[in-house]
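To start, the structure itself, in C-alpha cells.
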Amino acid sequence: MLKDKVAVITGGTRGIGKEIARVYASNGAKVVINYVSERSAEDAEKLVAQIQEAGGIACSFRADISNFEQAKTLMDFAKDEYGGIDILVNNAGITKDMLLLRMTEDEFDKVISVNLKGVFNSTKNALRTMLKSGGSIINMTSVVGITGNAGQANYAASKAGVIGFTKSIAREYAGKNIRVNAIAPGFIETDMTNVLSDNTKEGILDSVPMKRLGTPEEVANVALFLASNLSNYVTGEVIKVDGGMAM
Ligand code: NAP
C-alpha cells in the first residue's frame, strides 16, 4: 500500500510509533525512525534490524523534535537518505500530569514544546519537499484534546492545539495535494499508560464501552489508512481510535 513512499515517524522507537514503523515498512515504505533519548538508541537499531530482516527498508535518527534546528536535521537526513518525504507522522509525545494548582510552569512548557511546537517544527521542515509531489501528514492527538481531562491541562491543551494545527494546515495545502489528518487514540497499551496505577486504569476502563485497552497495532492500522491512497479524499479529519470512549 505504501510501495516506495518515504515515511518519517517521530517517536518511532516505542509504543504506537514503533508499530506504525513496522506496519509502514511491511507495506513497502522506506521508514525513518526518530527518537530522542540515548537509552533508546539500541532499541532503534534493533527495530531497524528487525525491519531489514523482514525485507523492509528503514533507518533511525536521533533528534529532539521540540528543537527547530534538530527537527530540520531529521528532515534533511530523510531527504538525503531516501530522496524526499511523502509521509510524516508526528507521533512523538510526552505527559507530565498534575492538577493545575501543583503544575509547574516547566511542566506546562515542556509538554507544549514537545507535543505542539514539535508538530510545528517537524511539519514546517518537511513541508517544502512535500510540495513537489504531494503527501500525507498524520498528527497524533488524543481524545483528551477533545474532552479535556483532570490532571492533564498541559497535555490536553497541547493535543487540542494539534487539532487546530491539523485543520489549518489541511486548509492551507489541500490544493497542493498534501493531506493533513489527526488520529485521536483513547487508552492504548504503551509505556505512557503503563505508569498509571491499577486503580486509575480501572477507572478509565469504566468509561470505555469496549471495556479494554487498545493496542498500538490498532492505531497503526488507521495510520496506514491515512497514509495510503485509500484515504485520498480525506483531509482535515480527526479519527478517534478509542473503543467508543469519547463518542
Ligand atoms: P511512548 O510509548 O511514551 O513513546 C513516546 C515516543 O516519543 C518515544 O519514541 C520517545 O522517544 C518519543 N519522544 C518523546 N519526546 C521526544 C522528542 N522531544 N523528540 C523526539 N522524540 C520524542 O508513547 P505512546 O504511548 O506510543 O504515544 C505516542 C503518541 O500517541 C503520543 O503523541 C501520545 O501523546 C499519543 N497518545 C497516546 C495514547 C496512549 O494511550 N498511549 C493515547 C492518546 C494519545 P524515546 O524512546 O527516545 O524517549
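Labeling convention for the C-alpha cells: chains A, B, ... as they appear, residues from 1 per chain, ligands from 1 in order of appearance.
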Query - Surrounding residues of stretch 47-55 of chain A excluding itself and chain neighbours under 2 positions, 8 Å, only C-alpha atoms, as a PyMOL selection string - result: chain A and resi 13+18+22+25-26+43-45+57-60
Can you write out the residues you just picked, keeping C-alpha atoms, as a CSV table (one decimal), in the first residue's frame?
```csv
chain,number,residue,atom,x,y,z
A,13,THR,CA,11.1,3.5,18.9
A,18,LYS,CA,7.1,1.6,16.7
A,22,ARG,CA,6.6,-1.8,11.4
A,25,ALA,CA,7.7,-0.9,6.4
A,26,SER,CA,5.8,-4.1,5.8
A,43,ASP,CA,16.1,-0.2,20.6
A,44,ALA,CA,16.1,1.9,17.4
A,45,GLU,CA,18.9,-0.2,16.0
A,57,ILE,CA,13.8,-0.6,4.4
A,58,ALA,CA,14.4,1.5,7.5
A,59,CYS,CA,17.0,3.6,9.3
A,60,SER,CA,16.9,5.6,12.6
```
Query raised in the report: Do you know which residues are at most 8 Å from stretch 112-119 of chain A counting only C-alpha atoms, after dropping those on the same chain fewer than 5 positions away, and could you put them as a VMD selection string?
Result: chain A and resid 65 to 68 71 90 92 to 94 139 154 to 155 157 to 159 161 to 162
Just the selected residues (C-alpha atoms), exported as a PDB file, in the first residue's frame, please.
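As a result, result-v1.pdb now contains:
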```pdb
ATOM      1  CA  ILE A  65      11.764  17.481  17.714  1.00  0.00           C
ATOM      2  CA  SER A  66      10.995  20.205  20.259  1.00  0.00           C
ATOM      3  CA  ASN A  67      14.136  21.912  18.911  1.00  0.00           C
ATOM      4  CA  PHE A  68      13.574  23.559  15.491  1.00  0.00           C
ATOM      5  CA  ALA A  71      13.793  18.792  13.589  1.00  0.00           C
ATOM      6  CA  ASN A  90       4.011  13.496  14.075  1.00  0.00           C
ATOM      7  CA  ALA A  92       6.334  11.918  19.464  1.00  0.00           C
ATOM      8  CA  GLY A  93       4.645  12.967  22.681  1.00  0.00           C
ATOM      9  CA  ILE A  94       5.107  13.169  26.432  1.00  0.00           C
ATOM     10  CA  ASN A 139      -0.669  14.077  13.661  1.00  0.00           C
ATOM     11  CA  ASN A 154      -0.930  20.824  29.768  1.00  0.00           C
ATOM     12  CA  TYR A 155      -1.345  17.612  27.739  1.00  0.00           C
ATOM     13  CA  ALA A 157      -4.114  21.831  25.705  1.00  0.00           C
ATOM     14  CA  SER A 158      -1.227  20.564  23.565  1.00  0.00           C
ATOM     15  CA  LYS A 159      -3.440  17.939  21.902  1.00  0.00           C
ATOM     16  CA  GLY A 161      -3.672  22.665  19.714  1.00  0.00           C
ATOM     17  CA  VAL A 162      -2.635  19.817  17.422  1.00  0.00           C
TER      18      VAL A 162
END
```
Report task. Please check which protein, DNA or RNA residues sit within 8 Å of ligand 1, counting only C-alpha atoms and all ligand atoms, and write them as number ranges by chain. Result -> A: 10-18, 34-41, 62-67, 90-95, 114-115, 118, 140-144, 155, 159, 184-193, 214, 216
DSSP strand (DSSP E or B) selection over stretch 19-226 of chain A, as a CSV table (one decimal) with N, CA, C and O atoms, in the first residue's frame:
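Contents of the output file states25.csv:
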```
chain,number,residue,atom,x,y,z
A,30,LYS,N,9.8,3.2,2.8
A,30,LYS,CA,11.1,3.4,3.4
A,30,LYS,C,10.9,4.3,4.6
A,30,LYS,O,10.5,5.4,4.5
A,31,VAL,N,11.3,3.8,5.8
A,31,VAL,CA,10.9,4.4,7.0
A,31,VAL,C,12.1,5.0,7.8
A,31,VAL,O,13.2,4.3,8.0
A,32,VAL,N,12.0,6.3,8.2
A,32,VAL,CA,13.0,6.9,9.0
A,32,VAL,C,12.4,7.0,10.5
A,32,VAL,O,11.3,7.6,10.7
A,33,ILE,N,13.0,6.3,11.4
A,33,ILE,CA,12.5,6.2,12.7
A,33,ILE,C,13.3,7.1,13.7
A,33,ILE,O,14.5,7.0,13.9
A,34,ASN,N,12.5,8.1,14.2
A,34,ASN,CA,13.2,9.1,15.1
A,34,ASN,C,12.9,8.8,16.5
A,34,ASN,O,11.9,8.1,16.9
A,35,TYR,N,13.9,9.2,17.4
A,35,TYR,CA,13.7,9.1,18.8
A,35,TYR,C,14.6,10.1,19.4
A,35,TYR,O,15.3,10.8,18.7
A,57,ILE,N,12.8,-1.6,4.4
A,57,ILE,CA,13.8,-0.6,4.4
A,57,ILE,C,13.6,0.4,5.5
A,57,ILE,O,12.5,1.0,5.6
A,58,ALA,N,14.6,0.6,6.3
A,58,ALA,CA,14.4,1.5,7.5
A,58,ALA,C,15.8,2.0,8.0
A,58,ALA,O,16.8,1.3,7.8
A,59,CYS,N,15.8,3.2,8.6
A,59,CYS,CA,17.0,3.6,9.3
A,59,CYS,C,16.5,4.5,10.5
A,59,CYS,O,15.3,4.8,10.5
A,60,SER,N,17.4,4.8,11.4
A,60,SER,CA,16.9,5.6,12.6
A,60,SER,C,17.7,6.9,12.7
A,60,SER,O,18.8,7.0,12.2
A,61,PHE,N,17.2,7.9,13.4
A,61,PHE,CA,17.8,9.1,13.5
A,61,PHE,C,17.4,9.8,14.8
A,61,PHE,O,16.2,10.0,15.1
A,62,ARG,N,18.4,10.1,15.6
A,62,ARG,CA,18.1,10.8,16.9
A,62,ARG,C,18.0,12.3,16.8
A,62,ARG,O,18.9,12.9,16.2
A,87,ILE,N,5.4,10.9,3.5
A,87,ILE,CA,4.5,10.8,4.7
A,87,ILE,C,5.3,11.2,6.0
A,87,ILE,O,6.4,10.8,6.2
A,88,LEU,N,4.6,12.1,6.7
A,88,LEU,CA,5.2,12.5,8.0
A,88,LEU,C,4.2,12.1,9.1
A,88,LEU,O,3.0,12.5,9.1
A,89,VAL,N,4.6,11.3,10.1
A,89,VAL,CA,3.8,11.0,11.2
A,89,VAL,C,4.3,11.7,12.4
A,89,VAL,O,5.4,11.4,12.9
A,90,ASN,N,3.6,12.8,12.9
A,90,ASN,CA,4.0,13.5,14.1
A,90,ASN,C,3.5,12.7,15.3
A,90,ASN,O,2.3,13.0,15.7
A,135,GLY,N,1.6,14.7,-0.5
A,135,GLY,CA,2.0,13.8,0.6
A,135,GLY,C,0.9,13.7,1.7
A,135,GLY,O,-0.2,14.3,1.5
A,136,SER,N,1.2,13.0,2.7
A,136,SER,CA,0.2,12.8,3.8
A,136,SER,C,0.9,13.1,5.1
A,136,SER,O,1.9,12.5,5.4
A,137,ILE,N,0.3,14.0,5.9
A,137,ILE,CA,0.8,14.3,7.3
A,137,ILE,C,-0.2,13.8,8.3
A,137,ILE,O,-1.5,14.0,8.2
A,138,ILE,N,0.2,13.0,9.3
A,138,ILE,CA,-0.6,12.4,10.3
A,138,ILE,C,-0.2,12.9,11.6
A,138,ILE,O,1.0,12.6,12.0
A,139,ASN,N,-1.0,13.6,12.3
A,139,ASN,CA,-0.7,14.1,13.7
A,139,ASN,C,-1.3,13.3,14.8
A,139,ASN,O,-2.6,13.1,14.7
A,140,MET,N,-0.6,12.9,15.8
A,140,MET,CA,-1.1,12.1,16.8
A,140,MET,C,-1.7,13.0,17.9
A,140,MET,O,-0.9,13.7,18.6
A,178,ILE,N,-1.5,17.9,-0.5
A,178,ILE,CA,-1.0,17.4,0.8
A,178,ILE,C,-2.1,17.3,1.7
A,178,ILE,O,-2.8,18.2,2.0
A,179,ARG,N,-2.4,16.0,2.2
A,179,ARG,CA,-3.5,15.8,3.1
A,179,ARG,C,-3.0,15.8,4.5
A,179,ARG,O,-1.9,15.3,4.8
A,180,VAL,N,-3.7,16.4,5.4
A,180,VAL,CA,-3.3,16.5,6.8
A,180,VAL,C,-4.4,16.0,7.7
A,180,VAL,O,-5.5,16.6,7.7
A,181,ASN,N,-4.2,15.0,8.5
A,181,ASN,CA,-5.2,14.4,9.3
A,181,ASN,C,-4.7,14.1,10.7
A,181,ASN,O,-3.4,14.1,10.9
A,182,ALA,N,-5.6,13.9,11.7
A,182,ALA,CA,-5.1,13.5,13.0
A,182,ALA,C,-5.8,12.2,13.5
A,182,ALA,O,-6.9,11.9,13.0
A,183,ILE,N,-5.1,11.5,14.3
A,183,ILE,CA,-5.6,10.4,15.0
A,183,ILE,C,-5.7,10.7,16.5
A,183,ILE,O,-4.8,11.2,17.1
A,184,ALA,N,-6.9,10.4,17.1
A,184,ALA,CA,-7.1,10.7,18.5
A,184,ALA,C,-7.3,9.3,19.2
A,184,ALA,O,-8.4,8.8,19.3
A,185,PRO,N,-6.1,8.7,19.7
A,185,PRO,CA,-6.3,7.5,20.4
A,185,PRO,C,-7.0,7.7,21.8
A,185,PRO,O,-6.9,8.8,22.3
A,188,ILE,N,-4.4,3.5,25.1
A,188,ILE,CA,-3.7,2.4,24.4
A,188,ILE,C,-2.6,1.9,25.3
A,188,ILE,O,-1.9,2.6,26.0
A,214,GLY,N,-6.8,-0.3,24.0
A,214,GLY,CA,-6.5,-0.5,22.6
A,214,GLY,C,-5.0,-1.0,22.5
A,214,GLY,O,-4.2,-0.8,23.4
```
Report task. Tell me, in Å to one decimal, how far atom CA of A:Ile9 is from atom CA of A:Gly236. Result ->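 We find that atom CA of A:Ile9 and atom CA of A:Gly236 lie 19.3 Å from each other.
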Requested in this report: Name the residues of stretch 71-135 of chain A that come out as helix (DSSP H, G or I) in a backbone DSSP run; write them as a ChimeraX atom specification.
Outcome: /A:71-82,100-102,105-133
Just write the chosen residues, C-alpha atoms, as a PDB file, in the first residue's frame.
```pdb
ATOM      1  CA  ALA A  71      13.793  18.792  13.589  1.00  0.00           C
ATOM      2  CA  LYS A  72      15.388  20.292  10.449  1.00  0.00           C
ATOM      3  CA  THR A  73      18.370  17.896  10.634  1.00  0.00           C
ATOM      4  CA  LEU A  74      15.899  14.984  10.885  1.00  0.00           C
ATOM      5  CA  MET A  75      14.020  16.037   7.748  1.00  0.00           C
ATOM      6  CA  ASP A  76      17.278  16.836   5.892  1.00  0.00           C
ATOM      7  CA  PHE A  77      18.547  13.374   6.816  1.00  0.00           C
ATOM      8  CA  ALA A  78      15.397  11.741   5.398  1.00  0.00           C
ATOM      9  CA  LYS A  79      15.698  13.719   2.151  1.00  0.00           C
ATOM     10  CA  ASP A  80      19.416  12.873   1.761  1.00  0.00           C
ATOM     11  CA  GLU A  81      18.901   9.206   2.615  1.00  0.00           C
ATOM     12  CA  TYR A  82      15.792   8.445   0.525  1.00  0.00           C
ATOM     13  CA  LEU A 100      -3.204  22.722  37.861  1.00  0.00           C
ATOM     14  CA  LEU A 101      -2.605  24.073  41.375  1.00  0.00           C
ATOM     15  CA  ARG A 102       0.523  21.943  41.609  1.00  0.00           C
ATOM     16  CA  GLU A 105       5.485  26.339  34.632  1.00  0.00           C
ATOM     17  CA  ASP A 106       8.228  23.998  33.426  1.00  0.00           C
ATOM     18  CA  GLU A 107       5.791  21.037  33.294  1.00  0.00           C
ATOM     19  CA  PHE A 108       3.421  23.108  31.209  1.00  0.00           C
ATOM     20  CA  ASP A 109       6.133  24.452  28.867  1.00  0.00           C
ATOM     21  CA  LYS A 110       7.837  21.095  28.336  1.00  0.00           C
ATOM     22  CA  VAL A 111       4.635  19.309  27.274  1.00  0.00           C
ATOM     23  CA  ILE A 112       3.626  22.124  24.931  1.00  0.00           C
ATOM     24  CA  SER A 113       7.102  22.280  23.417  1.00  0.00           C
ATOM     25  CA  VAL A 114       7.259  18.559  22.541  1.00  0.00           C
ATOM     26  CA  ASN A 115       3.598  17.827  21.752  1.00  0.00           C
ATOM     27  CA  LEU A 116       2.590  21.042  19.954  1.00  0.00           C
ATOM     28  CA  LYS A 117       5.702  23.039  18.991  1.00  0.00           C
ATOM     29  CA  GLY A 118       7.320  19.744  17.947  1.00  0.00           C
ATOM     30  CA  VAL A 119       4.498  19.225  15.425  1.00  0.00           C
ATOM     31  CA  PHE A 120       5.130  22.738  14.040  1.00  0.00           C
ATOM     32  CA  ASN A 121       8.909  22.151  13.897  1.00  0.00           C
ATOM     33  CA  SER A 122       8.644  18.832  12.067  1.00  0.00           C
ATOM     34  CA  THR A 123       5.838  19.831   9.706  1.00  0.00           C
ATOM     35  CA  LYS A 124       7.438  23.117   8.680  1.00  0.00           C
ATOM     36  CA  ASN A 125      10.758  21.418   7.950  1.00  0.00           C
ATOM     37  CA  ALA A 126       9.149  18.584   5.949  1.00  0.00           C
ATOM     38  CA  LEU A 127       6.623  20.650   4.023  1.00  0.00           C
ATOM     39  CA  ARG A 128       8.783  22.158   1.287  1.00  0.00           C
ATOM     40  CA  THR A 129       9.914  18.801  -0.040  1.00  0.00           C
ATOM     41  CA  MET A 130       6.308  17.507   0.098  1.00  0.00           C
ATOM     42  CA  LEU A 131       5.139  20.394  -2.092  1.00  0.00           C
ATOM     43  CA  LYS A 132       6.869  18.782  -5.082  1.00  0.00           C
ATOM     44  CA  SER A 133       4.723  15.659  -5.280  1.00  0.00           C
TER      45      SER A 133
END
```
Requested in this report: Work out how far atom CA of A:Ile204 is from atom CA of A:Glu237, in Å to one decimal.
Outcome: 25.1 Å
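The gap separating atom CA of A:Gly243 from atom CA of A:Leu196 is 18.8 Å, in Å to one decimal.
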Requested in this report: Find the spatial neighbours of stretch 217-221 of chain A, counting only C-alpha atoms, within a cut-off of 6 Å - ignore same-chain residues fewer than 3 positions away - and output them as an NGL selection string.
Outcome: :A and (19-20 or 224)
Those residues with all heavy atoms, as an mmCIF file, in the first residue's frame please?
```
data_model
loop_
_atom_site.group_PDB
_atom_site.id
_atom_site.type_symbol
_atom_site.label_atom_id
_atom_site.label_comp_id
_atom_site.auth_asym_id
_atom_site.auth_seq_id
_atom_site.Cartn_x
_atom_site.Cartn_y
_atom_site.Cartn_z
ATOM 1 N N GLU A 19 4.964 0.612 16.213
ATOM 2 C CA GLU A 19 4.038 -0.228 15.456
ATOM 3 C C GLU A 19 3.752 0.405 14.084
ATOM 4 O O GLU A 19 3.629 -0.308 13.080
ATOM 5 C CB GLU A 19 2.750 -0.407 16.264
ATOM 6 C CG GLU A 19 2.056 -1.707 16.042
ATOM 7 C CD GLU A 19 2.963 -2.934 16.092
ATOM 8 O OE1 GLU A 19 3.735 -3.091 17.055
ATOM 9 O OE2 GLU A 19 2.906 -3.723 15.130
ATOM 10 N N ILE A 20 3.658 1.731 14.054
ATOM 11 C CA ILE A 20 3.449 2.409 12.756
ATOM 12 C C ILE A 20 4.658 2.142 11.854
ATOM 13 O O ILE A 20 4.506 1.842 10.661
ATOM 14 C CB ILE A 20 3.215 3.927 12.953
ATOM 15 C CG1 ILE A 20 1.889 4.175 13.694
ATOM 16 C CG2 ILE A 20 3.202 4.660 11.598
ATOM 17 C CD1 ILE A 20 1.616 5.639 14.062
ATOM 18 N N LEU A 224 -2.047 3.664 8.739
ATOM 19 C CA LEU A 224 -1.792 3.100 7.403
ATOM 20 C C LEU A 224 -2.859 3.590 6.422
ATOM 21 O O LEU A 224 -2.537 4.035 5.314
ATOM 22 C CB LEU A 224 -1.787 1.566 7.474
ATOM 23 C CG LEU A 224 -1.662 0.828 6.144
ATOM 24 C CD1 LEU A 224 -0.333 1.150 5.458
ATOM 25 C CD2 LEU A 224 -1.794 -0.686 6.346
#
```
Requested in this report: Using only C-alpha atoms, determine which residues lie at most 9 Å from A:Asn27, disregarding the query and same-chain residues fewer than 4 positions distant; provide the list as a ChimeraX atom specification.
Outcome: /A:1-3,22-23,56,224
